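Report on the structure given below.
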Amino acid sequence: MADFLTMKNVSFPIPTYDEWKQEVETSLKGKTFEKLVTTTYEQLQVKPIYVRSDIEATPEQYPGFPGYVRGTEPDGYMKKTWAVSQAISAKNPKEWNEIATYDIARGQTEIHLILDELGFSITSLEDIETMFSGISLSDYSIRLDAGACSLSALALFVAYFHKQQLSFDSLRGIIGMDPLAALAIKGGLPTSLSTLYDVMADVTKWTKEQMPHIKTIIVHGEPYHHGGANAVQELAFSVATAVEYMNECLKRGLTVDEVAERMSFSFAIGADFFMEIAKLRAARAMWSNIVQAFGGSERAQKMSLHARTSYFTKTVYDPYVNMLRASAEAFAAIVGGANSLHVSPFDEAIGPANEFSRRIARNTQLILREEAHIGKVIDPAGGSYYVETLTEQIAEAAWKLFQQIEAKGGMTKALEAGVVQAEIEKIAKLREQNVKARKERIIGTNVYANLAEPKPNIQSVSPSKDESYDGETMEQSGNWVDSAIAFVHRRATARGIDAALTMTGPSIAISPVRQWRLSEPFEQLRQAAERHLETHGKRPTVHLINLGAIAHHKARADFMTGFFEAGGFAVVKNDGYMSIDEAIKEALEAGGTHYIICGTDESYLEAVPAIAKALKVVNPPRNVYVAGKQSPEIETAFIEAGVDGFIHIGSNCYETLVTFMKDMGVALDGAES
């Protein structure tokens with residue numbers, strides 16, 4: 001007992017950083033310590049360990065105090081938790097009402113609709129009445145993302161509130177517009193930017209007087225994130241957009257506080273957990289500094305921050321893994337201090353969400369709130385040497401990029417010149433290359449693919465909407481909001497308002513930011529393999545020639561299996577051949593076209609040349625590859641014997657699979673081979 005008590009009272013010595021580094025360098029066995037430093041897509045250097053000295057130069061900050069790095073409220077989520085703001089889409093207004101009613105009863109706390117992704121057009125007051133039948137807008141905040149222009153949506157809601165005899169003071173949330181985000185995604189706008197800025201200013205002035213709890217401007221970072229941008233780019237381009245909106249509204253008679261307090265930011269949350277936490281913290285700090293520079297109050301410096309889990313990271317194949325991805329992303333969003341959150345359903349990349357996928361997405365948030373108790377800790381990342389350092393690095397890098405955009409004349413000029421698109425595409429290409437080479441791994445797609453899973457039924461996520469119109473066009477009399485409200489009160493449609501907007505001047509056109517998902521290259525290969533199976537009765541197939549006992553070939557055989565299954569190939573395996581003659585005999589009887597020899601380097605010396613020569617003399621000759629990288633001299637000898645190539649961890653998986661498919665006559669573009 002005495003020994004046990006003595007042991008309990010013994011404390012471990014705290015090593016110094018130099019002592020830790022010395023032990024690490026010993027473990028590296030000759031490799032330099034710098035090998036442990038990684039470079040992110042943001043070109044930031046991430047060290048393997050962070051210590052107190054890393055943040056000594058960082059001013060001490062507290063939650064709820066300027067510049068709001070640690071959150072805009074001193075008590076975090078303790079008094080007011082984040083809004084469970086799941087975007088709802090449907091085929092028609094009645095179905096939307098049914099889904100919204102169902103989801104609200106099961107934990108959703110904010111009504112969220114994105115007009116461009118809604119699935120139908122809201123054209124009349126009757127549509128609004130159907131959608132919100134039985135739903136009290138006084139009891140729930142609303143997040144209505146109107147896209148490029150919010151005028152018609154706002155006018156319809158005003159008419160609805162008048163008819164229902166509801167107080168405007170009771171409406172909370174956002175009815176917002178973001179013309180530059182729409183421009184970045186679509187490459188054009190139906191209305192001139194000048195007109196849209198007139199509308200933005202008019203809407204903001206009107207709601208200031210009539211709907212004091214409604215925000216009117218949304219700044220989206222998602223178009224850049226979903227184009228492949230890194231965290232620094234998403235943040236810099238978003239802030240540049242917000243500054244342009246600020247300047248345009250100031251020109252039209254609004255004050256800094258009036259604009260800033262009616263602006264909401266929306267960011268996508270990607271897979272790099274700590275990077276995304278730091279991005280949200282850096283966003284608040286940057287916006288606080290900008291509003292302060294404009295002369296705004298401390299209240300106006302507080303960023304309203306919505307987050308959504310990334311579409312960019314989601315996959316078509318092995319889609320249930322998307323639940324795990326979304327959970328990690330949602331966790332990062334809440335630790336980063338988001339005010340509201342949308343968790344994308346796991347089948348987002350496949351088609352419209354169903355009740356099950358909506359429930360899982362919604363419950364992800366509820367588990368974080370109710371079971372994980374994330375909201376019980378104020379700024380859980382605060383004080384982390386790594387997160388605090390990363391926050392400062394992101395803010396500094398994003399500020400530099402923001403200044404470069406300003407030097408180009410602002411966000412619109414930068415988009416018109418293609419500067420934004422080019423910067424994003426650099427990172428997008430790098431991401432794409434890393435995925436193709438499997439340096440960046442996507443579970444269930446380019447690694448650990450499951451060919452036994454049912455073929456996904458891919459549907460259109462955003463059903464087409466009928467936008468044709470030949471009815472009455474609104475006439476502008478006074479400001480845009482008053483004209484639109486008067487027009488709607490005559491039971492006219494939203495399309496008449498939109499038609500009036502399109503007549504105001506020339507629109508703008510740019511090269512859009514390519515919207516894509518990281519897994520698409522390998523998904524295209526899988527789909528090509530599945531089409532080949534449907535038309536030819538079998539998948540593109542490779543045969544392994546495993547040499548010796550299982551222990552001698554298993555590692556390379558497993559690597560080859562995973563390598564080719566990532567492209568939808570069937571891989572024919574065996575337990576290993578004990579002689580060269582047996583390997584040749586079985587390979588020829590298999591009747592394949594592409595063979596890969598797997599074994600030890602020692603077994604290769606005699607077996608590879610013999611097998612390659614035997615498979616090359618038959619008619620037609622077989623394609624022969626070797627698993628594993630060899631010395632240049634041995635590779636030369638093997639090639640002279642008939643080997644076509646070598647596949648190893650350094651091979652570009654995607655390019656290799658494409659080469660094999662072309663050799664086999666697999667149609668990669670969907671055309672019949």
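Chain lettering (A, B, ...) mirrors the order of the structure tokens, residue numbering begins at 1 for each chain separately, and ligand numbering begins at 1 in order of display.
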Once you count only C-alpha atoms, what closest atom pair and distance in Å to one decimal does each residue of segment 165-224 of chain A within 12 Å of segment 127-144 of chain A have, with rows by chain and rising residue number, as a tab-separated table?
residue	atom	partner	partner_atom	distance
A:Gln165	CA	A:Ser138	CA	11.7
A:Leu166	CA	A:Ser138	CA	8.2
A:Ser167	CA	A:Ser138	CA	8.5
A:Phe168	CA	A:Ser138	CA	9.1
A:Asp169	CA	A:Ser138	CA	8.9
A:Ser170	CA	A:Ser138	CA	5.1
A:Leu171	CA	A:Ser138	CA	5.7
A:Arg172	CA	A:Ser141	CA	4.8
A:Gly173	CA	A:Ile142	CA	4.8
A:Ile174	CA	A:Arg143	CA	4.8
A:Ile175	CA	A:Leu144	CA	4.7
A:Gly176	CA	A:Leu144	CA	6.3
A:Met177	CA	A:Leu144	CA	8.8
A:Asp178	CA	A:Leu144	CA	11.5
A:His213	CA	A:Ser141	CA	9.6
A:Ile214	CA	A:Ile142	CA	8.8
A:Lys215	CA	A:Arg143	CA	9.2
A:Thr216	CA	A:Leu144	CA	9.5
A:Ile217	CA	A:Leu144	CA	10.6
A:Ile218	CA	A:Leu144	CA	9.8
Excluding segment 232-234 of chain A and residues on its chain fewer than 4 positions from it, collect all residues at most 10 Å away from it, counting only C-alpha atoms, and give them as a PyMOL selection string.
chain A and resi 41-44+220-228+238-239+267-268+275+279+282-283+393-402+420+423-424+427
Restricting the output to N, CA and C atoms, write the selected residues as an mmCIF file, in the first residue's frame.
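Once everything was written out, this is out_24.cif:
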data_model
loop_
_atom_site.group_PDB
_atom_site.id
_atom_site.type_symbol
_atom_site.label_atom_id
_atom_site.label_comp_id
_atom_site.auth_asym_id
_atom_site.auth_seq_id
_atom_site.Cartn_x
_atom_site.Cartn_y
_atom_site.Cartn_z
ATOM 1 N N TYR A 41 -2.866 23.672 -48.033
ATOM 2 C CA TYR A 41 -3.294 24.296 -49.286
ATOM 3 C C TYR A 41 -3.259 25.816 -49.189
ATOM 4 N N GLU A 42 -3.281 26.321 -47.965
ATOM 5 C CA GLU A 42 -3.201 27.769 -47.752
ATOM 6 C C GLU A 42 -1.764 28.264 -47.760
ATOM 7 N N GLN A 43 -0.809 27.339 -48.007
ATOM 8 C CA GLN A 43 0.622 27.645 -47.970
ATOM 9 C C GLN A 43 1.059 28.086 -46.573
ATOM 10 N N LEU A 44 0.418 27.529 -45.563
ATOM 11 C CA LEU A 44 0.806 27.756 -44.176
ATOM 12 C C LEU A 44 1.607 26.559 -43.691
ATOM 13 N N HIS A 220 -21.764 35.102 -49.194
ATOM 14 C CA HIS A 220 -21.481 33.669 -49.271
ATOM 15 C C HIS A 220 -20.006 33.396 -49.577
ATOM 16 N N GLY A 221 -19.417 32.514 -48.787
ATOM 17 C CA GLY A 221 -18.092 32.009 -49.125
ATOM 18 C C GLY A 221 -18.169 30.697 -49.883
ATOM 19 N N GLU A 222 -19.356 30.056 -49.892
ATOM 20 C CA GLU A 222 -19.496 28.725 -50.489
ATOM 21 C C GLU A 222 -19.136 28.646 -51.970
ATOM 22 N N PRO A 223 -19.462 29.645 -52.808
ATOM 23 C CA PRO A 223 -19.100 29.509 -54.222
ATOM 24 C C PRO A 223 -17.598 29.310 -54.430
ATOM 25 N N TYR A 224 -16.809 29.886 -53.560
ATOM 26 C CA TYR A 224 -15.356 29.776 -53.687
ATOM 27 C C TYR A 224 -14.863 28.457 -53.087
ATOM 28 N N HIS A 225 -15.412 28.101 -51.929
ATOM 29 C CA HIS A 225 -15.069 26.813 -51.313
ATOM 30 C C HIS A 225 -15.428 25.663 -52.249
ATOM 31 N N HIS A 226 -16.619 25.691 -52.822
ATOM 32 C CA HIS A 226 -17.065 24.603 -53.687
ATOM 33 C C HIS A 226 -16.392 24.639 -55.056
ATOM 34 N N GLY A 227 -15.617 25.665 -55.301
ATOM 35 C CA GLY A 227 -14.777 25.695 -56.495
ATOM 36 C C GLY A 227 -13.394 25.136 -56.226
ATOM 37 N N GLY A 228 -13.106 24.829 -54.956
ATOM 38 C CA GLY A 228 -11.799 24.282 -54.599
ATOM 39 C C GLY A 228 -10.910 25.246 -53.856
ATOM 40 N N SER A 238 -14.752 36.590 -49.546
ATOM 41 C CA SER A 238 -15.994 36.930 -48.845
ATOM 42 C C SER A 238 -15.907 38.330 -48.249
ATOM 43 N N VAL A 239 -14.800 38.625 -47.608
ATOM 44 C CA VAL A 239 -14.625 39.939 -46.995
ATOM 45 C C VAL A 239 -14.589 41.019 -48.071
ATOM 46 N N PHE A 267 -20.447 30.499 -44.555
ATOM 47 C CA PHE A 267 -19.233 29.803 -44.970
ATOM 48 C C PHE A 267 -19.472 28.297 -45.038
ATOM 49 N N ALA A 268 -18.808 27.660 -45.979
ATOM 50 C CA ALA A 268 -18.779 26.203 -46.026
ATOM 51 C C ALA A 268 -17.699 25.700 -45.077
ATOM 52 N N MET A 275 -8.337 23.792 -39.347
ATOM 53 C CA MET A 275 -8.310 24.906 -40.289
ATOM 54 C C MET A 275 -9.675 25.591 -40.341
ATOM 55 N N LYS A 279 -10.666 29.320 -39.354
ATOM 56 C CA LYS A 279 -11.223 30.191 -40.407
ATOM 57 C C LYS A 279 -12.375 31.033 -39.863
ATOM 58 N N ALA A 282 -10.989 33.632 -37.483
ATOM 59 C CA ALA A 282 -10.297 34.691 -38.229
ATOM 60 C C ALA A 282 -11.301 35.590 -38.947
ATOM 61 N N ALA A 283 -12.399 35.004 -39.432
ATOM 62 C CA ALA A 283 -13.424 35.797 -40.131
ATOM 63 C C ALA A 283 -13.993 36.868 -39.208
ATOM 64 N N GLN A 393 -2.511 33.173 -38.398
ATOM 65 C CA GLN A 393 -1.897 32.971 -39.715
ATOM 66 C C GLN A 393 -2.925 33.130 -40.828
ATOM 67 N N ILE A 394 -4.113 32.559 -40.636
ATOM 68 C CA ILE A 394 -5.160 32.668 -41.656
ATOM 69 C C ILE A 394 -5.588 34.118 -41.833
ATOM 70 N N ALA A 395 -5.801 34.800 -40.726
ATOM 71 C CA ALA A 395 -6.233 36.200 -40.795
ATOM 72 C C ALA A 395 -5.203 37.056 -41.512
ATOM 73 N N GLU A 396 -3.941 36.825 -41.216
ATOM 74 C CA GLU A 396 -2.876 37.613 -41.843
ATOM 75 C C GLU A 396 -2.802 37.336 -43.341
ATOM 76 N N ALA A 397 -2.857 36.049 -43.725
ATOM 77 C CA ALA A 397 -2.782 35.692 -45.142
ATOM 78 C C ALA A 397 -4.022 36.175 -45.897
ATOM 79 N N ALA A 398 -5.196 36.039 -45.276
ATOM 80 C CA ALA A 398 -6.433 36.485 -45.922
ATOM 81 C C ALA A 398 -6.453 37.999 -46.080
ATOM 82 N N TRP A 399 -5.897 38.702 -45.118
ATOM 83 C CA TRP A 399 -5.853 40.164 -45.217
ATOM 84 C C TRP A 399 -4.992 40.603 -46.395
ATOM 85 N N LYS A 400 -3.875 39.927 -46.597
ATOM 86 C CA LYS A 400 -2.998 40.260 -47.722
ATOM 87 C C LYS A 400 -3.711 40.023 -49.048
ATOM 88 N N LEU A 401 -4.421 38.901 -49.160
ATOM 89 C CA LEU A 401 -5.146 38.606 -50.395
ATOM 90 C C LEU A 401 -6.297 39.589 -50.582
ATOM 91 N N PHE A 402 -6.982 39.924 -49.519
ATOM 92 C CA PHE A 402 -8.045 40.924 -49.574
ATOM 93 C C PHE A 402 -7.510 42.255 -50.098
ATOM 94 N N VAL A 420 -9.959 36.193 -59.517
ATOM 95 C CA VAL A 420 -10.497 35.296 -58.495
ATOM 96 C C VAL A 420 -10.550 33.867 -59.015
ATOM 97 N N GLU A 423 -7.042 32.292 -59.258
ATOM 98 C CA GLU A 423 -6.477 31.949 -57.949
ATOM 99 C C GLU A 423 -7.103 30.673 -57.400
ATOM 100 N N ILE A 424 -8.415 30.563 -57.546
ATOM 101 C CA ILE A 424 -9.104 29.366 -57.054
ATOM 102 C C ILE A 424 -8.694 28.146 -57.862
ATOM 103 N N ILE A 427 -5.506 26.276 -56.818
ATOM 104 C CA ILE A 427 -5.672 25.369 -55.678
ATOM 105 C C ILE A 427 -6.521 24.171 -56.073
#
How close does segment 481-579 of chain A get to segment 347-362 of chain A? List, as a tab-separated table, each residue of segment 481-579 of chain A within 12 Å, its nearest atom pair and the distance in Å to one decimal, counting only C-alpha atoms.
residue	atom	partner	partner_atom	distance
A:Trp516	CA	A:Ala349	CA	10.3
A:Arg517	CA	A:Ala349	CA	8.7
A:Leu518	CA	A:Ala349	CA	11.3
A:Ser519	CA	A:Ala349	CA	10.3
A:Glu520	CA	A:Ala349	CA	10.2
A:Glu523	CA	A:Ala349	CA	11.2
Selected residues written out with C-alpha atoms, as a short mmCIF file (atom, residue, chain, number, x, y, z; two decimals), in the first residue's frame:
data_model
loop_
_atom_site.label_atom_id
_atom_site.label_comp_id
_atom_site.auth_asym_id
_atom_site.auth_seq_id
_atom_site.Cartn_x
_atom_site.Cartn_y
_atom_site.Cartn_z
CA TRP A 516 -17.32 20.60 -58.35
CA ARG A 517 -16.70 17.89 -55.77
CA LEU A 518 -13.37 16.41 -54.84
CA SER A 519 -14.44 12.84 -55.55
CA GLU A 520 -15.69 13.45 -59.10
CA GLU A 523 -16.68 8.69 -59.58
#
Hey, what's within 10 Å of Glu244 of chain A if we count only C-alpha atoms and toss same-chain stuff fewer than 2 positions away? As a PyMOL selection string, please?
chain A and resi 180+197+238-242+246-250+406+409-412
Requested write-out: all heavy atoms of the selected residues, as a tab-separated table (two decimals), in the first residue's frame:
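Contents of result_17.tsv, as written:
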chain	number	residue	atom	x	y	z
A	180	LEU	N	-23.15	38.99	-55.99
A	180	LEU	CA	-21.82	38.57	-56.45
A	180	LEU	C	-21.63	37.07	-56.32
A	180	LEU	O	-20.91	36.45	-57.13
A	180	LEU	CB	-20.72	39.32	-55.69
A	180	LEU	CG	-20.61	40.82	-56.01
A	180	LEU	CD1	-19.40	41.42	-55.30
A	180	LEU	CD2	-20.53	41.06	-57.51
A	197	TYR	N	-27.70	46.80	-56.60
A	197	TYR	CA	-27.23	47.56	-55.44
A	197	TYR	C	-28.27	48.60	-55.01
A	197	TYR	O	-28.43	48.89	-53.81
A	197	TYR	CB	-25.89	48.22	-55.74
A	197	TYR	CG	-24.74	47.25	-55.81
A	197	TYR	CD1	-23.68	47.43	-56.70
A	197	TYR	CD2	-24.70	46.14	-54.98
A	197	TYR	CE1	-22.62	46.54	-56.76
A	197	TYR	CE2	-23.65	45.24	-55.03
A	197	TYR	CZ	-22.61	45.44	-55.93
A	197	TYR	OH	-21.57	44.54	-55.98
A	238	SER	N	-14.75	36.59	-49.55
A	238	SER	CA	-15.99	36.93	-48.84
A	238	SER	C	-15.91	38.33	-48.25
A	238	SER	O	-16.85	39.13	-48.37
A	238	SER	CB	-16.27	35.90	-47.75
A	238	SER	OG	-16.45	34.61	-48.29
A	239	VAL	N	-14.80	38.63	-47.61
A	239	VAL	CA	-14.63	39.94	-46.99
A	239	VAL	C	-14.59	41.02	-48.07
A	239	VAL	O	-15.17	42.10	-47.91
A	239	VAL	CB	-13.35	39.96	-46.13
A	239	VAL	CG1	-13.01	41.38	-45.71
A	239	VAL	CG2	-13.54	39.08	-44.91
A	240	ALA	N	-13.94	40.74	-49.19
A	240	ALA	CA	-13.91	41.70	-50.30
A	240	ALA	C	-15.32	41.97	-50.82
A	240	ALA	O	-15.67	43.11	-51.17
A	240	ALA	CB	-13.01	41.19	-51.42
A	241	THR	N	-16.13	40.92	-50.89
A	241	THR	CA	-17.53	41.08	-51.30
A	241	THR	C	-18.28	41.97	-50.32
A	241	THR	O	-19.02	42.89	-50.71
A	241	THR	CB	-18.22	39.70	-51.39
A	241	THR	OG1	-17.56	38.91	-52.39
A	241	THR	CG2	-19.69	39.84	-51.74
A	242	ALA	N	-18.10	41.71	-49.03
A	242	ALA	CA	-18.79	42.49	-48.00
A	242	ALA	C	-18.39	43.96	-48.06
A	242	ALA	O	-19.24	44.85	-47.89
A	242	ALA	CB	-18.48	41.91	-46.62
A	246	MET	N	-20.76	47.14	-48.66
A	246	MET	CA	-20.73	48.26	-47.73
A	246	MET	C	-20.57	49.58	-48.49
A	246	MET	O	-21.33	50.54	-48.28
A	246	MET	CB	-19.59	48.08	-46.73
A	246	MET	CG	-19.39	49.24	-45.76
A	246	MET	SD	-20.67	49.35	-44.52
A	246	MET	CE	-20.14	48.05	-43.39
A	247	ASN	N	-19.59	49.62	-49.38
A	247	ASN	CA	-19.34	50.86	-50.13
A	247	ASN	C	-20.53	51.26	-50.99
A	247	ASN	O	-20.88	52.45	-51.08
A	247	ASN	CB	-18.08	50.70	-51.00
A	247	ASN	CG	-16.80	50.78	-50.20
A	247	ASN	OD1	-16.70	51.56	-49.24
A	247	ASN	ND2	-15.80	49.99	-50.57
A	248	GLU	N	-21.15	50.27	-51.65
A	248	GLU	CA	-22.28	50.59	-52.52
A	248	GLU	C	-23.48	51.09	-51.72
A	248	GLU	O	-24.19	52.00	-52.16
A	248	GLU	CB	-22.67	49.34	-53.33
A	248	GLU	CG	-21.63	48.91	-54.36
A	248	GLU	CD	-21.42	49.94	-55.46
A	248	GLU	OE1	-22.34	50.74	-55.71
A	248	GLU	OE2	-20.34	49.95	-56.07
A	249	CYS	N	-23.69	50.53	-50.54
A	249	CYS	CA	-24.80	51.00	-49.71
A	249	CYS	C	-24.52	52.37	-49.11
A	249	CYS	O	-25.43	53.19	-48.96
A	249	CYS	CB	-25.10	49.97	-48.61
A	249	CYS	SG	-25.91	48.47	-49.20
A	250	LEU	N	-23.26	52.62	-48.77
A	250	LEU	CA	-22.91	53.94	-48.25
A	250	LEU	C	-23.14	55.01	-49.30
A	250	LEU	O	-23.62	56.12	-48.99
A	250	LEU	CB	-21.44	53.95	-47.80
A	250	LEU	CG	-21.07	53.12	-46.56
A	250	LEU	CD1	-19.58	53.23	-46.27
A	250	LEU	CD2	-21.87	53.56	-45.35
A	406	GLU	N	-8.62	44.43	-53.40
A	406	GLU	CA	-8.95	45.86	-53.35
A	406	GLU	C	-8.09	46.65	-54.34
A	406	GLU	O	-8.57	47.60	-54.97
A	406	GLU	CB	-8.75	46.38	-51.92
A	406	GLU	CG	-9.78	45.88	-50.93
A	406	GLU	CD	-11.19	46.32	-51.30
A	406	GLU	OE1	-11.50	47.51	-51.13
A	406	GLU	OE2	-11.97	45.47	-51.77
A	409	GLY	N	-9.40	46.93	-57.72
A	409	GLY	CA	-10.62	47.71	-57.89
A	409	GLY	C	-11.81	47.12	-57.19
A	409	GLY	O	-12.94	47.61	-57.35
A	410	GLY	N	-11.60	46.06	-56.40
A	410	GLY	CA	-12.70	45.44	-55.67
A	410	GLY	C	-13.10	44.10	-56.26
A	410	GLY	O	-12.55	43.63	-57.26
A	411	MET	N	-14.08	43.47	-55.63
A	411	MET	CA	-14.44	42.10	-55.97
A	411	MET	C	-15.01	41.97	-57.38
A	411	MET	O	-14.67	41.04	-58.11
A	411	MET	CB	-15.43	41.56	-54.94
A	411	MET	CG	-15.63	40.08	-55.00
A	411	MET	SD	-14.12	39.16	-54.69
A	411	MET	CE	-14.72	37.47	-54.94
A	412	THR	N	-15.87	42.88	-57.79
A	412	THR	CA	-16.45	42.79	-59.13
A	412	THR	C	-15.38	42.90	-60.20
A	412	THR	O	-15.35	42.11	-61.16
A	412	THR	CB	-17.51	43.88	-59.33
A	412	THR	OG1	-18.56	43.71	-58.38
A	412	THR	CG2	-18.09	43.81	-60.74
DSSP strand (DSSP E or B) residues within segment 274-432 of chain A, listed as a VMD selection string:
chain A and resid 304 to 309 340 to 342
Can you list, as a ChimeraX atom specification, every protein, DNA or RNA residue that comes within 10 Å of segment 489-503 of chain A when you count only C-alpha atoms, leaving out same-chain residues fewer than 3 positions away?
/A:121-126,149-156,158-160,162-163,189-192,195-196,199,467-476,480,483-486,506-507
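Residue nearest Ile55 of chain A, chosen from A:Thr101, A:Thr204, A:Gln108, A:Ser384 and counting only C-alpha atoms: A:Ser384.
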Selected residue of minimal separation from Gln365 of chain A among A:Thr81, A:Thr32, A:Gln22, A:Ser579, counting only C-alpha atoms:
A:Thr81
May I ask which of the residues A:Asn652, A:Met578, A:Met263, A:Pro212 is the closest one to Met200 of chain A, counting only C-alpha atoms?
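The closest residue to Met200 of chain A is A:Met263.
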Nearest to Leu193 of chain A: which of A:Tyr448, A:Tyr245, A:Phe563, A:Phe331 is it, counting only C-alpha atoms?
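Of all the options, A:Tyr245 lies closest to Leu193 of chain A.
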DSSP says alpha helix (DSSP H) for which residues of segment 329-440 of chain A? Put them as a PyMOL selection string?
chain A and resi 329-335+355-366+385-407+411-416+419-436
Given only C-alpha atoms as the counted atoms, nearest of A:Val259, A:Ile611, A:Ile378, A:Ile367 to Val84 of chain A:
A:Ile367
Contact check, segment 527-599 of chain A to segment 613-632 of chain A, at most 9 Å, counting only C-alpha atoms, closest pairs as a tab-separated table:
residue	atom	partner	partner_atom	distance
A:Arg556	CA	A:Ala627	CA	6.3
A:Ala557	CA	A:Ala627	CA	8.0
A:Phe559	CA	A:Ala627	CA	8.7
A:Met560	CA	A:Ala627	CA	7.3
A:Ile584	CA	A:Ala614	CA	6.9
A:Ala587	CA	A:Leu615	CA	8.2
A:Leu588	CA	A:Leu615	CA	7.3
A:Gly592	CA	A:Arg622	CA	7.6
A:Thr593	CA	A:Arg622	CA	5.2
A:His594	CA	A:Asn623	CA	4.7
A:Tyr595	CA	A:Val624	CA	5.0
A:Ile596	CA	A:Tyr625	CA	4.6
A:Ile597	CA	A:Val626	CA	4.9
A:Cys598	CA	A:Ala627	CA	5.3
A:Gly599	CA	A:Ala627	CA	7.6
Using only C-alpha atoms, which of A:Ala293, A:Ala332, A:Val343, A:Val37 sits nearest Thr309 of chain A?
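The shortest atom-to-atom distance to Thr309 of chain A comes from A:Val343.
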Length of the atom CA of Lys436 of chain A to atom CA of Asp669 of chain A vector [Å]
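Atom CA of Lys436 of chain A sits 17.7 Å away from atom CA of Asp669 of chain A.
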